[in-house]
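To start, the structure under review is shown below, and the notes come after it.
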Amino acid sequence: MQDGRTLRIVTREKAKRGNLPVQFGADPADIEPGDGFVTQVIPIHNVDAVKLRQDLTPLIGPDADVAANAGANAIVMTDTSSNVRRIVQIVALLDKREGTT
């Protein structure tokens with residue numbers, strides 16, 4: 001984790017629980033690929049977020065934290081920016097295709 005000009009070495013678990021940026025959106029183009037951790041709130045429009053989270057489980061790395069919120073119909077994911085971006089790409093395609101059938 002970087003704090004100004006100071007770089008601190010922390011465990012992956014501690015980094016995920018630290019002061020991470022929280023982003024909102026379902027457009028993968030808005031997510032910069034990288035190795036830094038982010039928390040992304042992904043709104044789901046055409047499918048059930050809880051079911052979608054279950055379907056995505058095999059595609060999500062073991063180090064990611066992922067939760068589905070039924071009330072907001074959204075998925076909340078904390079992982080590296082690159083991993084989050086990949087999942088958002090998949091979600092965007094599934095959410096779009098499900099809504100057009």
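Identifiers for the structure tokens are assigned positionally: chains receive A, B, ... in sequence, residues are indexed from 1 per chain, and ligands are indexed from 1 in the order shown.
Using only C-alpha atoms, the residues found no farther than 7 Å from segment 80-93 of chain A, other than those of its own chain fewer than 4 positions away, are A:Ala26, A:Asp27, A:Pro28, A:Ile31, A:Glu32, A:Pro33, A:Gly34, A:Asp35, A:Gly36, A:Phe37, A:Val38, A:Arg97.
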Those in chain A with helix (DSSP H, G or I) from DSSP, as a count of residues only: 39
Residues of chain A in strand (DSSP E or B), written as a list of chain:residue names: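 Output for chain A, strand (DSSP E or B) only: A:Gln2, A:Asp3, A:Thr6, A:Leu7, A:Val22, A:Gln23, A:Phe24, A:Phe37, A:Val38, A:Thr39, A:Gln40, A:Val41, A:Ile42, A:Pro43, A:Asp65, A:Val66, A:Ala67, A:Ala68, A:Asn69, A:Ala74, A:Ile75, A:Val76, A:Met77, A:Thr78, A:Asp79, A:Thr80.
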Include N, CA, C and O atoms and write out the residues we just selected as a tab-separated table (two decimals), in the first residue's frame.
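The new file again_2.tsv reads:
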chain	number	residue	atom	x	y	z
A	2	GLN	N	0.50	2.23	-0.74
A	2	GLN	CA	1.29	3.46	-0.79
A	2	GLN	C	0.56	4.56	-0.03
A	2	GLN	O	-0.63	4.79	-0.22
A	3	ASP	N	1.30	5.22	0.84
A	3	ASP	CA	0.78	6.32	1.64
A	3	ASP	C	1.68	7.52	1.38
A	3	ASP	O	2.72	7.67	2.01
A	6	THR	N	5.53	7.01	1.01
A	6	THR	CA	5.93	5.84	1.77
A	6	THR	C	5.21	4.61	1.22
A	6	THR	O	4.00	4.60	1.07
A	7	LEU	N	5.98	3.58	0.93
A	7	LEU	CA	5.43	2.32	0.45
A	7	LEU	C	5.49	1.33	1.61
A	7	LEU	O	6.55	1.05	2.15
A	22	VAL	N	-13.41	2.99	-3.71
A	22	VAL	CA	-14.67	2.32	-4.00
A	22	VAL	C	-15.23	2.95	-5.26
A	22	VAL	O	-15.40	4.18	-5.33
A	23	GLN	N	-15.47	2.11	-6.26
A	23	GLN	CA	-15.96	2.58	-7.55
A	23	GLN	C	-17.34	1.99	-7.80
A	23	GLN	O	-17.67	0.94	-7.29
A	24	PHE	N	-18.11	2.67	-8.63
A	24	PHE	CA	-19.46	2.21	-8.99
A	24	PHE	C	-19.58	2.19	-10.49
A	24	PHE	O	-19.18	3.15	-11.17
A	37	PHE	N	-5.50	-2.81	-5.52
A	37	PHE	CA	-6.80	-3.30	-5.09
A	37	PHE	C	-7.86	-2.21	-5.17
A	37	PHE	O	-7.59	-1.05	-4.87
A	38	VAL	N	-9.06	-2.61	-5.57
A	38	VAL	CA	-10.22	-1.72	-5.60
A	38	VAL	C	-11.44	-2.50	-5.14
A	38	VAL	O	-11.46	-3.73	-5.19
A	39	THR	N	-12.43	-1.77	-4.71
A	39	THR	CA	-13.74	-2.35	-4.46
A	39	THR	C	-14.68	-1.77	-5.50
A	39	THR	O	-14.76	-0.55	-5.66
A	40	GLN	N	-15.36	-2.63	-6.24
A	40	GLN	CA	-16.25	-2.22	-7.31
A	40	GLN	C	-17.67	-2.65	-6.98
A	40	GLN	O	-17.92	-3.82	-6.68
A	41	VAL	N	-18.60	-1.70	-7.03
A	41	VAL	CA	-20.02	-2.00	-6.90
A	41	VAL	C	-20.55	-2.07	-8.33
A	41	VAL	O	-20.51	-1.10	-9.07
A	42	ILE	N	-21.02	-3.26	-8.71
A	42	ILE	CA	-21.46	-3.51	-10.08
A	42	ILE	C	-22.98	-3.63	-10.11
A	42	ILE	O	-23.53	-4.63	-9.64
A	43	PRO	N	-23.69	-2.63	-10.63
A	43	PRO	CA	-25.14	-2.73	-10.71
A	43	PRO	C	-25.55	-3.74	-11.79
A	43	PRO	O	-24.93	-3.82	-12.85
A	65	ASP	N	-12.83	-11.00	-2.79
A	65	ASP	CA	-14.00	-10.94	-1.91
A	65	ASP	C	-15.17	-10.49	-2.77
A	65	ASP	O	-15.11	-9.42	-3.40
A	66	VAL	N	-16.22	-11.31	-2.81
A	66	VAL	CA	-17.37	-11.00	-3.66
A	66	VAL	C	-18.64	-11.25	-2.88
A	66	VAL	O	-18.81	-12.28	-2.24
A	67	ALA	N	-19.55	-10.27	-2.94
A	67	ALA	CA	-20.85	-10.40	-2.29
A	67	ALA	C	-21.91	-9.91	-3.25
A	67	ALA	O	-21.66	-9.05	-4.10
A	68	ALA	N	-23.10	-10.46	-3.12
A	68	ALA	CA	-24.24	-10.00	-3.91
A	68	ALA	C	-25.24	-9.37	-2.96
A	68	ALA	O	-25.51	-9.90	-1.88
A	69	ASN	N	-25.79	-8.24	-3.36
A	69	ASN	CA	-26.79	-7.56	-2.57
A	69	ASN	C	-28.11	-7.63	-3.32
A	69	ASN	O	-28.26	-7.03	-4.39
A	74	ALA	N	-27.02	-5.83	-6.97
A	74	ALA	CA	-25.66	-5.45	-7.33
A	74	ALA	C	-24.68	-6.47	-6.77
A	74	ALA	O	-24.99	-7.18	-5.81
A	75	ILE	N	-23.53	-6.53	-7.39
A	75	ILE	CA	-22.42	-7.35	-6.91
A	75	ILE	C	-21.33	-6.41	-6.43
A	75	ILE	O	-21.03	-5.40	-7.09
A	76	VAL	N	-20.75	-6.71	-5.28
A	76	VAL	CA	-19.66	-5.93	-4.73
A	76	VAL	C	-18.43	-6.83	-4.72
A	76	VAL	O	-18.45	-7.93	-4.16
A	77	MET	N	-17.36	-6.36	-5.36
A	77	MET	CA	-16.16	-7.17	-5.52
A	77	MET	C	-14.92	-6.38	-5.12
A	77	MET	O	-14.75	-5.25	-5.55
A	78	THR	N	-14.06	-7.01	-4.31
A	78	THR	CA	-12.77	-6.43	-3.96
A	78	THR	C	-11.69	-7.38	-4.45
A	78	THR	O	-11.67	-8.55	-4.09
A	79	ASP	N	-10.84	-6.85	-5.30
A	79	ASP	CA	-9.73	-7.63	-5.87
A	79	ASP	C	-8.82	-6.66	-6.59
A	79	ASP	O	-9.02	-5.45	-6.51
A	80	THR	N	-7.85	-7.19	-7.32
A	80	THR	CA	-7.01	-6.29	-8.11
A	80	THR	C	-7.87	-5.65	-9.20
A	80	THR	O	-8.86	-6.23	-9.65
Interatomic distance (Å, one decimal) between atom CA of Thr57 of chain A and atom CA of Ala29 of chain A: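 Rounded to one decimal, the two atoms are 22.5 Å apart.
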Which of A:Ile60, A:Asp95, A:His45, A:Lys51 sits closest to Ala72 of chain A [using only C-alpha atoms]: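 Closest residue, counting only C-alpha atoms: A:His45.
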Atom CA of Asp48 of chain A to atom CA of Gly71 of chain A, distance in Å rounded to a single decimal: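 That distance, rounded to one decimal, is 10.3 Å.
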